[in-house]
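Have a look at input-v1.csv; it's CSV, C-alpha atoms and all ligand atoms:
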```csv
chain,number,residue,atom,x,y,z
A,1,MET,CA,281.8,145.2,1.4
A,2,ASP,CA,282.8,143.3,4.5
A,3,PRO,CA,280.2,140.5,5.1
A,4,ILE,CA,279.7,141.9,8.6
A,5,GLU,CA,278.0,144.9,7.0
A,6,LEU,CA,275.2,142.6,5.8
A,7,ILE,CA,274.1,142.1,9.4
A,8,ARG,CA,271.2,144.4,10.3
A,9,PRO,CA,272.4,147.3,12.5
A,10,GLU,CA,269.8,146.4,15.2
A,11,VAL,CA,271.3,142.9,15.4
A,12,ARG,CA,274.9,144.2,15.6
A,13,ALA,CA,273.8,146.5,18.4
A,14,LEU,CA,272.4,143.6,20.5
A,15,GLN,CA,274.3,141.9,23.3
A,16,ALA,CA,273.9,138.1,23.2
A,17,TYR,CA,272.1,136.5,26.1
A,18,HIS,CA,274.8,135.7,28.6
A,19,VAL,CA,274.9,132.3,30.3
A,20,GLN,CA,277.3,132.1,33.2
A,21,ASP,CA,279.8,129.3,33.5
A,22,ALA,CA,278.5,127.1,36.3
A,23,ARG,CA,281.1,124.3,36.2
A,24,GLY,CA,281.8,122.9,39.7
A,25,LEU,CA,279.4,125.4,41.4
A,26,ILE,CA,276.1,125.0,43.2
A,27,LYS,CA,273.8,126.4,40.6
A,28,LEU,CA,271.4,129.0,42.1
A,29,ASP,CA,271.5,131.4,39.1
A,30,ALA,CA,268.8,130.3,36.6
A,31,MET,CA,265.6,129.4,38.4
A,32,GLU,CA,266.0,125.6,37.7
A,33,ASN,CA,264.3,123.0,39.9
A,34,PRO,CA,267.2,121.4,41.9
A,35,PHE,CA,265.5,118.0,42.3
A,36,PRO,CA,266.1,115.0,40.0
A,37,LEU,CA,263.1,112.9,38.9
A,38,PRO,CA,262.3,109.8,41.0
A,39,ALA,CA,264.1,106.6,40.1
A,40,GLY,CA,260.9,104.8,38.9
A,41,LEU,CA,260.1,107.6,36.5
A,42,ARG,CA,263.7,107.8,35.2
A,43,ASP,CA,263.5,104.0,34.5
A,44,LEU,CA,260.3,104.5,32.6
A,45,LEU,CA,261.8,107.4,30.6
A,46,GLY,CA,264.8,105.3,29.8
A,47,GLN,CA,262.6,102.6,28.3
A,48,ARG,CA,260.4,105.0,26.3
A,49,LEU,CA,263.4,106.9,25.1
A,50,ALA,CA,265.0,103.7,24.0
A,51,GLU,CA,262.0,102.8,21.9
A,52,ALA,CA,261.4,106.2,20.3
A,53,ALA,CA,261.9,106.5,16.5
A,54,TYR,CA,264.8,109.0,16.1
A,55,ASN,CA,265.1,108.3,12.4
A,56,ARG,CA,261.7,110.0,11.9
A,57,TYR,CA,260.8,113.6,12.2
A,58,PRO,CA,258.8,114.4,15.3
A,59,ASP,CA,255.0,114.6,15.2
A,60,ALA,CA,254.5,118.1,13.9
A,61,GLN,CA,251.1,118.5,15.6
A,62,PRO,CA,251.4,116.5,18.8
A,63,ALA,CA,247.7,116.5,19.7
A,64,ALA,CA,248.0,114.0,22.5
A,65,LEU,CA,250.8,116.0,24.2
A,66,LYS,CA,248.8,119.2,23.8
A,67,ALA,CA,245.7,117.5,25.4
A,68,LEU,CA,247.9,116.2,28.2
A,69,LEU,CA,249.4,119.7,28.8
A,70,ALA,CA,245.9,121.3,28.8
A,71,ALA,CA,244.5,118.7,31.1
A,72,SER,CA,247.4,118.7,33.6
A,73,LEU,CA,247.9,122.5,33.7
A,74,GLY,CA,244.3,123.8,33.5
A,75,VAL,CA,244.1,125.3,30.0
A,76,PRO,CA,240.5,126.2,29.2
A,77,ALA,CA,238.9,123.7,26.7
A,78,ALA,CA,238.1,126.3,24.1
A,79,ALA,CA,241.7,127.7,24.0
A,80,GLY,CA,244.1,127.1,21.2
A,81,LEU,CA,247.7,126.0,22.1
A,82,LEU,CA,251.0,126.9,20.4
A,83,LEU,CA,254.0,124.9,21.4
A,84,GLY,CA,257.5,126.4,21.5
A,85,ASN,CA,261.0,125.2,22.0
A,86,GLY,CA,260.9,126.9,25.4
A,87,SER,CA,258.8,129.9,25.9
A,88,ASP,CA,261.6,132.0,24.4
A,89,GLU,CA,260.6,130.6,21.0
A,90,VAL,CA,257.0,131.6,21.7
A,91,ILE,CA,258.1,135.1,22.4
A,92,GLN,CA,260.0,135.1,19.1
A,93,ILE,CA,257.0,133.9,17.1
A,94,LEU,CA,254.8,136.5,18.7
A,95,ALA,CA,257.3,139.3,17.9
A,96,GLN,CA,257.7,138.0,14.3
A,97,ALA,CA,253.9,138.0,13.8
A,98,VAL,CA,253.4,141.6,14.7
A,99,ALA,CA,256.7,143.1,13.4
A,100,ARG,CA,255.3,145.7,11.0
A,101,PRO,CA,257.5,148.8,10.5
A,102,GLY,CA,257.0,151.0,13.5
A,103,ALA,CA,255.3,148.4,15.7
A,104,THR,CA,256.3,148.3,19.4
A,105,LEU,CA,256.6,145.7,22.1
A,106,LEU,CA,256.0,147.2,25.5
A,107,SER,CA,256.9,145.7,28.8
A,108,VAL,CA,258.0,146.8,32.2
A,109,GLU,CA,261.5,147.2,33.6
A,110,PRO,CA,263.3,145.6,35.3
A,111,GLY,CA,261.8,142.6,33.5
A,112,PHE,CA,262.7,139.5,31.5
A,113,VAL,CA,265.5,140.5,29.2
A,114,MET,CA,264.4,138.3,26.3
A,115,PHE,CA,261.4,140.6,25.7
A,116,ARG,CA,263.7,143.4,24.6
A,117,LEU,CA,266.2,141.1,22.9
A,118,LEU,CA,263.6,139.3,20.8
A,119,ALA,CA,261.7,142.4,20.0
A,120,GLN,CA,264.8,144.2,18.6
A,121,SER,CA,266.0,141.1,16.8
A,122,CYS,CA,262.7,140.9,15.0
A,123,GLY,CA,262.8,144.6,14.0
A,124,LEU,CA,260.2,145.7,16.5
A,125,ASN,CA,260.6,148.9,18.6
A,126,TYR,CA,260.9,148.1,22.3
A,127,HIS,CA,259.6,150.3,25.1
A,128,GLY,CA,260.1,149.4,28.8
A,129,VAL,CA,258.1,151.3,31.4
A,130,PRO,CA,259.9,151.5,34.7
A,131,LEU,CA,258.4,149.8,37.7
A,132,ARG,CA,258.2,151.9,40.9
A,133,ALA,CA,261.2,151.8,43.3
A,134,ASP,CA,259.5,149.0,45.3
A,135,PHE,CA,259.0,147.1,42.0
A,136,SER,CA,255.3,147.6,42.0
A,137,LEU,CA,253.5,148.3,38.7
A,138,ASP,CA,253.2,152.0,37.9
A,139,LEU,CA,249.8,151.6,36.3
A,140,ASP,CA,249.4,155.2,35.3
A,141,ALA,CA,252.8,155.2,33.6
A,142,VAL,CA,251.9,152.0,31.8
A,143,LEU,CA,248.5,153.3,30.6
A,144,ASP,CA,250.1,156.6,29.5
A,145,ALA,CA,252.7,154.7,27.5
A,146,ILE,CA,250.0,152.5,25.9
A,147,ARG,CA,247.9,155.6,24.9
A,148,VAL,CA,250.9,157.3,23.3
A,149,ILE,CA,252.7,154.3,21.8
A,150,ARG,CA,249.8,152.0,21.0
A,151,PRO,CA,251.9,148.9,21.3
A,152,ALA,CA,251.2,145.8,19.1
A,153,LEU,CA,252.3,143.5,21.9
A,154,VAL,CA,252.5,144.0,25.7
A,155,PHE,CA,254.3,141.4,27.9
A,156,LEU,CA,253.8,141.2,31.6
A,157,ALA,CA,255.5,138.4,33.5
A,158,ILE,CA,253.5,137.5,36.5
A,159,PRO,CA,255.3,136.8,38.8
A,160,ASN,CA,257.9,139.2,37.3
A,161,ASN,CA,261.5,138.2,36.7
A,162,PRO,CA,263.8,139.4,38.3
A,163,THR,CA,261.7,141.0,41.0
A,164,GLY,CA,259.5,138.1,42.0
A,165,ASN,CA,256.3,140.1,42.7
A,166,VAL,CA,252.8,139.7,41.2
A,167,PHE,CA,251.0,142.6,39.5
A,168,PRO,CA,247.4,143.0,40.8
A,169,ASP,CA,244.6,141.6,38.7
A,170,ALA,CA,242.8,145.0,38.5
A,171,ALA,CA,246.0,146.6,36.9
A,172,VAL,CA,246.3,143.8,34.4
A,173,ALA,CA,242.6,144.1,33.5
A,174,ALA,CA,243.1,147.8,33.0
A,175,VAL,CA,246.1,147.1,30.6
A,176,LEU,CA,243.9,144.6,28.7
A,177,GLU,CA,241.2,147.2,28.4
A,178,ALA,CA,243.5,150.0,27.3
A,179,THR,CA,245.7,148.4,24.8
A,180,PRO,CA,244.9,148.1,21.2
A,181,GLY,CA,247.4,145.2,21.0
A,182,LEU,CA,247.8,141.7,22.3
A,183,VAL,CA,248.6,141.3,26.0
A,184,VAL,CA,250.7,138.3,26.9
A,185,VAL,CA,250.7,137.3,30.6
A,186,ASP,CA,253.9,135.3,31.0
A,187,GLU,CA,253.3,132.7,33.7
A,188,ALA,CA,256.8,131.1,33.7
A,189,TYR,CA,256.7,131.0,37.5
A,190,PHE,CA,253.1,129.5,37.8
A,191,PRO,CA,254.2,126.6,39.9
A,192,PHE,CA,255.1,128.9,42.8
A,193,THR,CA,252.1,131.2,43.0
A,194,ASP,CA,248.3,130.9,43.3
A,195,HIS,CA,247.8,133.8,40.9
A,196,SER,CA,247.0,133.0,37.3
A,197,TRP,CA,245.2,134.3,34.2
A,198,LEU,CA,245.1,131.0,32.4
A,199,ALA,CA,241.5,130.2,33.2
A,200,ARG,CA,240.5,133.6,31.8
A,201,VAL,CA,241.9,132.9,28.3
A,202,GLY,CA,238.9,133.4,26.0
A,203,GLU,CA,237.2,136.1,28.1
A,204,ARG,CA,239.1,138.8,26.3
A,205,ARG,CA,240.1,138.7,22.6
A,206,ASN,CA,243.5,140.1,23.3
A,207,LEU,CA,244.5,138.0,26.3
A,208,LEU,CA,247.2,135.4,25.7
A,209,VAL,CA,248.9,133.3,28.5
A,210,MET,CA,252.3,131.8,28.1
A,211,ARG,CA,253.8,129.1,30.3
A,212,THR,CA,256.9,126.9,30.3
A,213,LEU,CA,257.8,123.6,31.9
A,214,SER,CA,261.3,125.0,32.6
A,215,LYS,CA,260.7,126.2,36.1
A,216,LEU,CA,258.4,123.3,37.0
A,217,GLY,CA,261.4,120.9,36.6
A,218,LEU,CA,262.0,120.3,32.9
A,219,ALA,CA,264.3,123.1,31.8
A,220,GLY,CA,266.4,120.7,29.8
A,221,ILE,CA,263.7,119.6,27.4
A,222,ARG,CA,262.7,123.1,26.3
A,223,LEU,CA,259.0,123.2,26.1
A,224,GLY,CA,256.8,126.2,26.5
A,225,PHE,CA,253.3,127.1,25.2
A,226,LEU,CA,250.9,129.9,24.5
A,227,ALA,CA,247.2,129.6,25.2
A,228,GLY,CA,244.8,132.0,23.4
A,229,PRO,CA,241.9,132.3,21.0
A,230,PRO,CA,242.2,129.5,18.4
A,231,ASP,CA,242.1,131.8,15.3
A,232,LEU,CA,245.0,133.9,16.7
A,233,ILE,CA,246.9,130.7,17.6
A,234,GLY,CA,246.3,129.5,14.1
A,235,GLU,CA,248.1,132.6,12.7
A,236,PHE,CA,251.1,132.1,15.0
A,237,GLU,CA,251.2,128.4,14.0
A,238,LYS,CA,252.2,129.6,10.5
A,239,LEU,CA,255.5,131.0,11.9
A,240,ARG,CA,256.3,127.9,14.0
A,241,LEU,CA,259.0,125.8,12.4
A,242,PRO,CA,257.3,122.5,11.6
A,243,TYR,CA,259.3,120.2,13.8
A,244,ASN,CA,260.2,122.5,16.7
A,245,ILE,CA,259.4,120.0,19.4
A,246,SER,CA,261.9,117.2,19.2
A,247,VAL,CA,261.0,113.5,19.5
A,248,ALA,CA,262.9,113.3,22.8
A,249,THR,CA,261.1,116.4,24.2
A,250,GLN,CA,257.7,114.9,23.2
A,251,VAL,CA,258.5,111.5,24.9
A,252,ILE,CA,259.9,113.1,28.1
A,253,ALA,CA,257.1,115.7,28.4
A,254,THR,CA,254.4,113.1,27.9
A,255,THR,CA,255.9,110.6,30.3
A,256,VAL,CA,256.6,113.2,33.1
A,257,LEU,CA,253.2,114.9,32.7
A,258,GLU,CA,251.5,111.6,33.2
A,259,SER,CA,253.0,111.8,36.7
A,260,VAL,CA,252.9,115.6,37.0
A,261,ASP,CA,252.1,115.3,40.8
A,262,VAL,CA,255.8,114.5,41.2
A,263,LEU,CA,256.7,118.0,39.9
A,264,TRP,CA,253.9,119.7,41.9
A,265,GLN,CA,255.2,118.1,45.1
A,266,GLN,CA,258.7,119.4,44.3
A,267,ALA,CA,257.2,122.9,43.7
A,268,ARG,CA,255.5,122.8,47.1
A,269,LEU,CA,258.8,122.0,48.7
A,270,LEU,CA,260.4,124.9,46.9
A,271,ARG,CA,257.6,127.2,48.1
A,272,ALA,CA,258.2,126.1,51.7
A,273,GLU,CA,262.0,126.6,51.2
A,274,ARG,CA,261.3,130.1,49.7
A,275,SER,CA,259.4,131.1,52.9
A,276,ARG,CA,262.1,129.7,55.1
A,277,MET,CA,264.9,131.5,53.2
A,278,ALA,CA,263.0,134.8,53.1
A,279,GLY,CA,262.6,134.7,56.8
A,280,VAL,CA,266.3,134.1,57.4
A,281,LEU,CA,267.4,136.7,54.8
A,282,ALA,CA,265.0,139.4,56.1
A,283,ALA,CA,266.6,138.9,59.6
A,284,MET,CA,270.2,139.3,58.2
A,285,ALA,CA,271.8,142.6,58.9
A,286,GLY,CA,272.7,144.4,55.7
A,287,VAL,CA,270.2,142.5,53.6
A,288,GLN,CA,266.9,143.8,52.1
A,289,CYS,CA,264.8,140.9,50.9
A,290,PHE,CA,261.9,141.5,48.5
A,291,ALA,CA,258.7,139.5,48.7
A,292,SER,CA,258.6,136.8,46.0
A,293,GLU,CA,256.0,134.4,44.5
A,294,ALA,CA,258.6,132.8,42.2
A,295,ASN,CA,261.3,130.2,42.9
A,296,PHE,CA,263.9,132.9,43.5
A,297,LEU,CA,264.5,135.7,46.0
A,298,LEU,CA,265.8,139.2,45.1
A,299,ILE,CA,267.9,140.8,47.8
A,300,ARG,CA,269.8,144.1,48.0
A,301,VAL,CA,273.1,144.4,49.8
A,302,ASP,CA,275.7,147.2,50.1
A,303,GLN,CA,278.5,145.5,48.1
A,304,PRO,CA,276.8,143.2,45.6
A,305,GLY,CA,279.9,142.5,43.5
A,306,ALA,CA,282.0,141.5,46.5
A,307,VAL,CA,279.2,139.4,47.9
A,308,PHE,CA,278.7,137.7,44.6
A,309,ASP,CA,282.4,136.9,44.3
A,310,ALA,CA,282.6,135.7,47.9
A,311,LEU,CA,279.7,133.3,47.3
A,312,LYS,CA,281.4,132.0,44.1
A,313,ALA,CA,284.5,131.4,46.2
A,314,HIS,CA,282.3,129.3,48.5
A,315,GLY,CA,281.2,127.3,45.4
A,316,ILE,CA,277.8,129.0,44.9
A,317,LEU,CA,276.6,130.7,41.7
A,318,ILE,CA,273.8,133.3,41.9
A,319,LYS,CA,273.0,136.2,39.6
A,320,ASN,CA,274.4,139.6,40.1
A,321,LEU,CA,271.9,142.1,38.8
A,322,ASN,CA,273.7,145.2,40.0
A,323,GLY,CA,274.0,147.5,37.0
A,324,ALA,CA,271.5,145.6,34.9
A,325,HIS,CA,268.9,148.4,35.6
A,326,ALA,CA,269.0,151.5,37.7
A,327,LEU,CA,266.3,150.2,40.0
A,328,LEU,CA,268.3,147.0,40.6
A,329,HIS,CA,271.2,148.8,42.3
A,330,GLY,CA,272.8,146.4,44.9
A,331,CYS,CA,270.6,143.6,43.8
A,332,LEU,CA,271.4,139.8,43.7
A,333,ARG,CA,268.9,137.1,42.6
A,334,ILE,CA,269.1,133.8,44.4
A,335,THR,CA,267.2,130.8,43.0
A,336,VAL,CA,265.6,128.6,45.7
A,337,GLY,CA,267.4,125.3,45.7
A,338,SER,CA,267.2,122.1,47.8
A,339,SER,CA,267.2,122.7,51.6
A,340,ASP,CA,270.8,121.6,51.8
A,341,GLN,CA,271.9,124.0,49.0
A,342,ASN,CA,269.9,126.8,50.6
A,343,ASP,CA,271.6,126.2,54.0
A,344,ARG,CA,275.0,126.4,52.3
A,345,LEU,CA,273.9,129.6,50.5
A,346,LEU,CA,272.7,131.2,53.8
A,347,ASP,CA,275.8,130.2,55.7
A,348,ALA,CA,278.1,131.5,52.9
A,349,LEU,CA,276.1,134.7,52.6
A,350,ALA,CA,276.4,135.4,56.3
A,351,VAL,CA,280.2,134.9,56.1
A,352,SER,CA,280.4,137.0,52.9
A,353,LEU,CA,278.5,139.9,54.4
A,354,ARG,CA,280.8,140.0,57.4
A,355,ALA,CA,283.9,140.0,55.2
A,356,PRO,CA,283.0,140.9,51.6
A,357,GLY,CA,286.0,140.4,49.4
B,401,LIG,C1,259.6,135.5,32.8
B,401,LIG,C2,260.2,134.5,32.0
B,401,LIG,N1,259.6,134.1,30.8
B,401,LIG,C3,260.2,133.2,30.1
B,401,LIG,C4,261.3,132.5,30.4
B,401,LIG,C5,262.0,131.6,29.4
B,401,LIG,O1,261.6,130.3,29.7
B,401,LIG,P1,261.9,129.1,28.7
B,401,LIG,O2,262.9,128.2,29.5
B,401,LIG,O3,260.6,128.4,28.5
B,401,LIG,O4,262.5,129.6,27.4
B,401,LIG,C6,262.0,132.9,31.6
B,401,LIG,C7,263.3,132.3,32.0
B,401,LIG,O5,263.9,132.6,32.9
B,401,LIG,C8,261.4,133.9,32.4
B,401,LIG,O6,262.0,134.3,33.5
```

Just give me the structure as structure tokens.
Amino acid sequence: MDPIELIRPEVRALQAYHVQDARGLIKLDAMENPFPLPAGLRDLLGQRLAEAAYNRYPDAQPAALKALLAASLGVPAAAGLLLGNGSDEVIQILAQAVARPGATLLSVEPGFVMFRLLAQSCGLNYHGVPLRADFSLDLDAVLDAIRVIRPALVFLAIPNNPTGNVFPDAAVAAVLEATPGLVVVDEAYFPFTDHSWLARVGERRNLLVMRTLSKLGLAGIRLGFLAGPPDLIGEFEKLRLPYNISVATQVIATTVLESVDVLWQQARLLRAERSRMAGVLAAMAGVQCFASEANFLLIRVDQPGAVFDALKAHGILIKNLNGAHALLHGCLRITVGSSDQNDRLLDALAVSLRAPG
């Protein structure tokens, strides 16, 4: 037998998560924070990183870091916290935990692609309920699917990626009520919206809230977390690899969270830039711009491929979502950058729309 035959068929059927080559380009494709840390904080990081003990395994239960995360981001005192190497790892742990034969992870589409990928890689069924054409939640369709499928795990990203919108609280409450399974509200984009479910963790047994530091400004260190009832978190802990949060990640997260206002200030600037860009984009002929509460804007144009290529020729990388889902026809996703980067994007887009390709 060829060794490739050993690989599970569902794994062979997967497409690996594709990361675009961004060398030499202004990177507006991956919802990163464009701003560096201030010089004083970088110096402090340099000192602390120089002194850290890399010959030792990291603290396997970093209680002080968890307390700092909880205090700086508003995690309820009674909640348990699971730390992941990015929230991607948290999704994987959740999927592993519920992956009995026949169990299903349910989400909405278009949505964050890792929900499907990690469900399938862990042997779960995946079911994506389409959003409406305007990307609002089709609550009746979601509730019908929940009744029929009885999912073990429901993921709702709020704000949603790649659409940027927020699903109404009443709809999420109805999903929590209807589902026999766990409902994870994925708040990856929490720095850019006033909506949150985090304070309500503990009010319902099946509510879990996931967050990441990636969009707040620390994508490079890979740190995400899940807040939920402590006994459930204790079960997920059994699947977490013992040293999944590296020494460097712990030092950097602790140091930066001690000055977390720096990141909130950057997030406020990005929110202001998002409004400015949305105004300009909405006024551009040939562009439909969708409302967003995240650090990106989704637009629809007539010739997305040509516009994407033309922007790249101008040195700007965004994400072409045309073809990723039927509802995303013509769609491009633009991460909000620094005001200079955004100006360049807007100028290049105006030129590209006049002469695409
Ligand atoms: C909705 C959503 N959840 C989770 C993630 C993954 O975040 P992390 O960098 O913590 O793995 C992303 C990244 O784009 C996302 O859009």

Practice problem: Find the distance between CA of Val262 (chain A) and CA of Leu37 (chain A) and write it in Å to one decimal. | Solution: 7.8 Å

Practice problem: Could you give me the residues within 7 Å of ligand LIG 401 (chain B), counting all atoms listed in the file, as a ChimeraX atom specification? | Solution: /A:30-31,86-89,112,157,160-161,186-188,212-214,219,222-224

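The closest residue to Pro229 (chain A), picked from A:Val11, A:Leu176, A:Leu207, A:Val307 and counting all atoms listed in the file, is A:Leu207.
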
If we count only C-alpha atoms and set the cut-off at 10 Å, which residues sit around His325 (chain A), ignoring sequence neighbours fewer than 5 positions away in its own chain? Please answer as a tab-separated table (two decimals) with C-alpha atoms, in the frame of the given file.
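Written out: part04.tsv:
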```tsv
chain	number	residue	atom	x	y	z
A	109	GLU	CA	261.50	147.20	33.60
A	110	PRO	CA	263.30	145.60	35.30
A	111	GLY	CA	261.80	142.60	33.50
A	130	PRO	CA	259.90	151.50	34.70
A	331	CYS	CA	270.60	143.60	43.80
```

Practice problem: Write out as a list in words each polymer residue whose atoms come within 10 Å of Asp59 (chain A), counting only C-alpha atoms; drop sequence neighbours fewer than 6 positions from it. | Solution: Pro242, Tyr243, Asn244, Ile245, Ser246, Val247 and Gln250 of chain A

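Taking CA of Leu353 (chain A) as the reference point, CA of Ala283 (chain A) is found at 13.0 Å.
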
Practice problem: Between A:His127, A:Lys312, A:Leu14, A:Ala174, single out the one closest to Lys27 (chain A), counting only C-alpha atoms. | Solution: A:Lys312

Restrict the calculation to all atoms listed in the file, then for each residue of region 161-280 of chain A with any atom at most 12 Å from an atom of region 284-304 of chain A give the closest atom pair and their distance in Å to one decimal, rows by chain and rising residue number, as CSV.
```
residue,atom,partner,partner_atom,distance
A:Asn161,CA,A:Ala294,CA,8.2
A:Pro162,CA,A:Leu298,CA,7.1
A:Thr163,CA,A:Leu298,CA,6.1
A:Gly164,CA,A:Ser292,CA,4.3
A:Asn165,CA,A:Ser292,CA,5.2
A:Val166,CA,A:Glu293,CA,7.0
A:Phe167,CA,A:Glu293,CA,10.8
A:Glu187,CA,A:Ala294,CA,10.0
A:Ala188,CA,A:Ala294,CA,8.9
A:Tyr189,CA,A:Ala294,CA,5.4
A:Phe190,CA,A:Ala294,CA,7.8
A:Pro191,CA,A:Ala294,CA,7.9
A:Phe192,CA,A:Ala294,CA,5.3
A:Thr193,CA,A:Glu293,CA,5.3
A:Asp194,CA,A:Glu293,CA,8.5
A:His195,CA,A:Glu293,CA,9.0
A:Ser196,CA,A:Glu293,CA,11.6
A:Ser214,CA,A:Asn295,CA,11.5
A:Lys215,CA,A:Asn295,CA,7.9
A:Leu216,CA,A:Asn295,CA,9.5
A:Gly217,CA,A:Asn295,CA,11.2
A:Gln266,CA,A:Asn295,CA,11.2
A:Ala267,CA,A:Asn295,CA,8.4
A:Arg268,CA,A:Asn295,CA,10.3
A:Leu269,CA,A:Asn295,CA,10.4
A:Leu270,CA,A:Asn295,CA,6.7
A:Arg271,CA,A:Asn295,CA,7.1
A:Ala272,CA,A:Asn295,CA,10.2
A:Glu273,CA,A:Asn295,CA,9.1
A:Arg274,CA,A:Asn295,CA,6.8
A:Ser275,CA,A:Ser292,CA,9.0
A:Arg276,CA,A:Leu297,CA,11.2
A:Met277,CA,A:Leu297,CA,8.3
A:Ala278,CA,A:Cys289,CA,6.7
A:Gly279,CA,A:Cys289,CA,8.8
A:Val280,CA,A:Met284,CA,6.5
```

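The space between CA of Ser259 (chain A) and CA of Asp340 (chain A) spans 25.3 Å.
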
Quiz item: Which is closest to Val129 (chain A) among A:Leu83, A:Leu327, A:Ala13, A:Ala64, if we use only C-alpha atoms?
Solution: A:Leu327

Residue completion, region 48-63 of chain A, N, CA, C and O atoms, as an mmCIF file, in the frame of the given file:
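For reference, out26.cif as written:
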```cif
data_model
loop_
_atom_site.group_PDB
_atom_site.id
_atom_site.type_symbol
_atom_site.label_atom_id
_atom_site.label_comp_id
_atom_site.auth_asym_id
_atom_site.auth_seq_id
_atom_site.Cartn_x
_atom_site.Cartn_y
_atom_site.Cartn_z
ATOM 1 N N ARG A 48 261.134 104.305 27.423
ATOM 2 C CA ARG A 48 260.400 105.000 26.300
ATOM 3 C C ARG A 48 261.343 105.695 25.383
ATOM 4 O O ARG A 48 261.108 105.721 24.166
ATOM 5 N N LEU A 49 262.406 106.260 25.931
ATOM 6 C CA LEU A 49 263.400 106.900 25.100
ATOM 7 C C LEU A 49 264.114 105.942 24.183
ATOM 8 O O LEU A 49 264.454 106.222 23.037
ATOM 9 N N ALA A 50 264.341 104.748 24.742
ATOM 10 C CA ALA A 50 265.000 103.700 24.000
ATOM 11 C C ALA A 50 264.188 103.269 22.780
ATOM 12 O O ALA A 50 264.705 102.901 21.722
ATOM 13 N N GLU A 51 262.881 103.301 22.966
ATOM 14 C CA GLU A 51 262.000 102.800 21.900
ATOM 15 C C GLU A 51 261.562 103.847 20.897
ATOM 16 O O GLU A 51 260.966 103.523 19.872
ATOM 17 N N ALA A 52 261.864 105.119 21.159
ATOM 18 C CA ALA A 52 261.400 106.200 20.300
ATOM 19 C C ALA A 52 262.081 106.146 18.913
ATOM 20 O O ALA A 52 263.217 105.685 18.806
ATOM 21 N N ALA A 53 261.393 106.627 17.887
ATOM 22 C CA ALA A 53 261.900 106.500 16.500
ATOM 23 C C ALA A 53 262.657 107.831 16.137
ATOM 24 O O ALA A 53 262.056 108.798 15.675
ATOM 25 N N TYR A 54 263.968 107.823 16.351
ATOM 26 C CA TYR A 54 264.800 109.000 16.100
ATOM 27 C C TYR A 54 265.090 109.208 14.609
ATOM 28 O O TYR A 54 265.583 110.251 14.200
ATOM 29 N N ASN A 55 264.844 108.155 13.823
ATOM 30 C CA ASN A 55 265.100 108.300 12.400
ATOM 31 C C ASN A 55 263.937 109.059 11.706
ATOM 32 O O ASN A 55 264.055 109.486 10.565
ATOM 33 N N ARG A 56 262.832 109.250 12.455
ATOM 34 C CA ARG A 56 261.700 110.000 11.900
ATOM 35 C C ARG A 56 261.654 111.401 12.449
ATOM 36 O O ARG A 56 262.074 111.639 13.583
ATOM 37 N N TYR A 57 261.097 112.303 11.649
ATOM 38 C CA TYR A 57 260.800 113.600 12.200
ATOM 39 C C TYR A 57 259.810 113.510 13.306
ATOM 40 O O TYR A 57 258.984 112.587 13.317
ATOM 41 N N PRO A 58 259.845 114.467 14.234
ATOM 42 C CA PRO A 58 258.800 114.400 15.300
ATOM 43 C C PRO A 58 257.434 114.679 14.771
ATOM 44 O O PRO A 58 257.279 115.235 13.677
ATOM 45 N N ASP A 59 256.441 114.283 15.549
ATOM 46 C CA ASP A 59 255.000 114.600 15.200
ATOM 47 C C ASP A 59 254.952 116.151 15.177
ATOM 48 O O ASP A 59 255.271 116.840 16.149
ATOM 49 N N ALA A 60 254.535 116.681 14.043
ATOM 50 C CA ALA A 60 254.500 118.100 13.900
ATOM 51 C C ALA A 60 253.339 118.789 14.566
ATOM 52 O O ALA A 60 253.349 119.987 14.825
ATOM 53 N N GLN A 61 252.319 118.026 14.866
ATOM 54 C CA GLN A 61 251.100 118.500 15.600
ATOM 55 C C GLN A 61 250.802 117.565 16.706
ATOM 56 O O GLN A 61 249.855 116.787 16.598
ATOM 57 N N PRO A 62 251.611 117.555 17.757
ATOM 58 C CA PRO A 62 251.400 116.500 18.800
ATOM 59 C C PRO A 62 250.146 116.736 19.605
ATOM 60 O O PRO A 62 250.169 117.303 20.695
ATOM 61 N N ALA A 63 249.035 116.264 19.057
ATOM 62 C CA ALA A 63 247.700 116.500 19.700
ATOM 63 C C ALA A 63 247.613 115.898 21.044
ATOM 64 O O ALA A 63 247.051 116.503 21.968
#
```
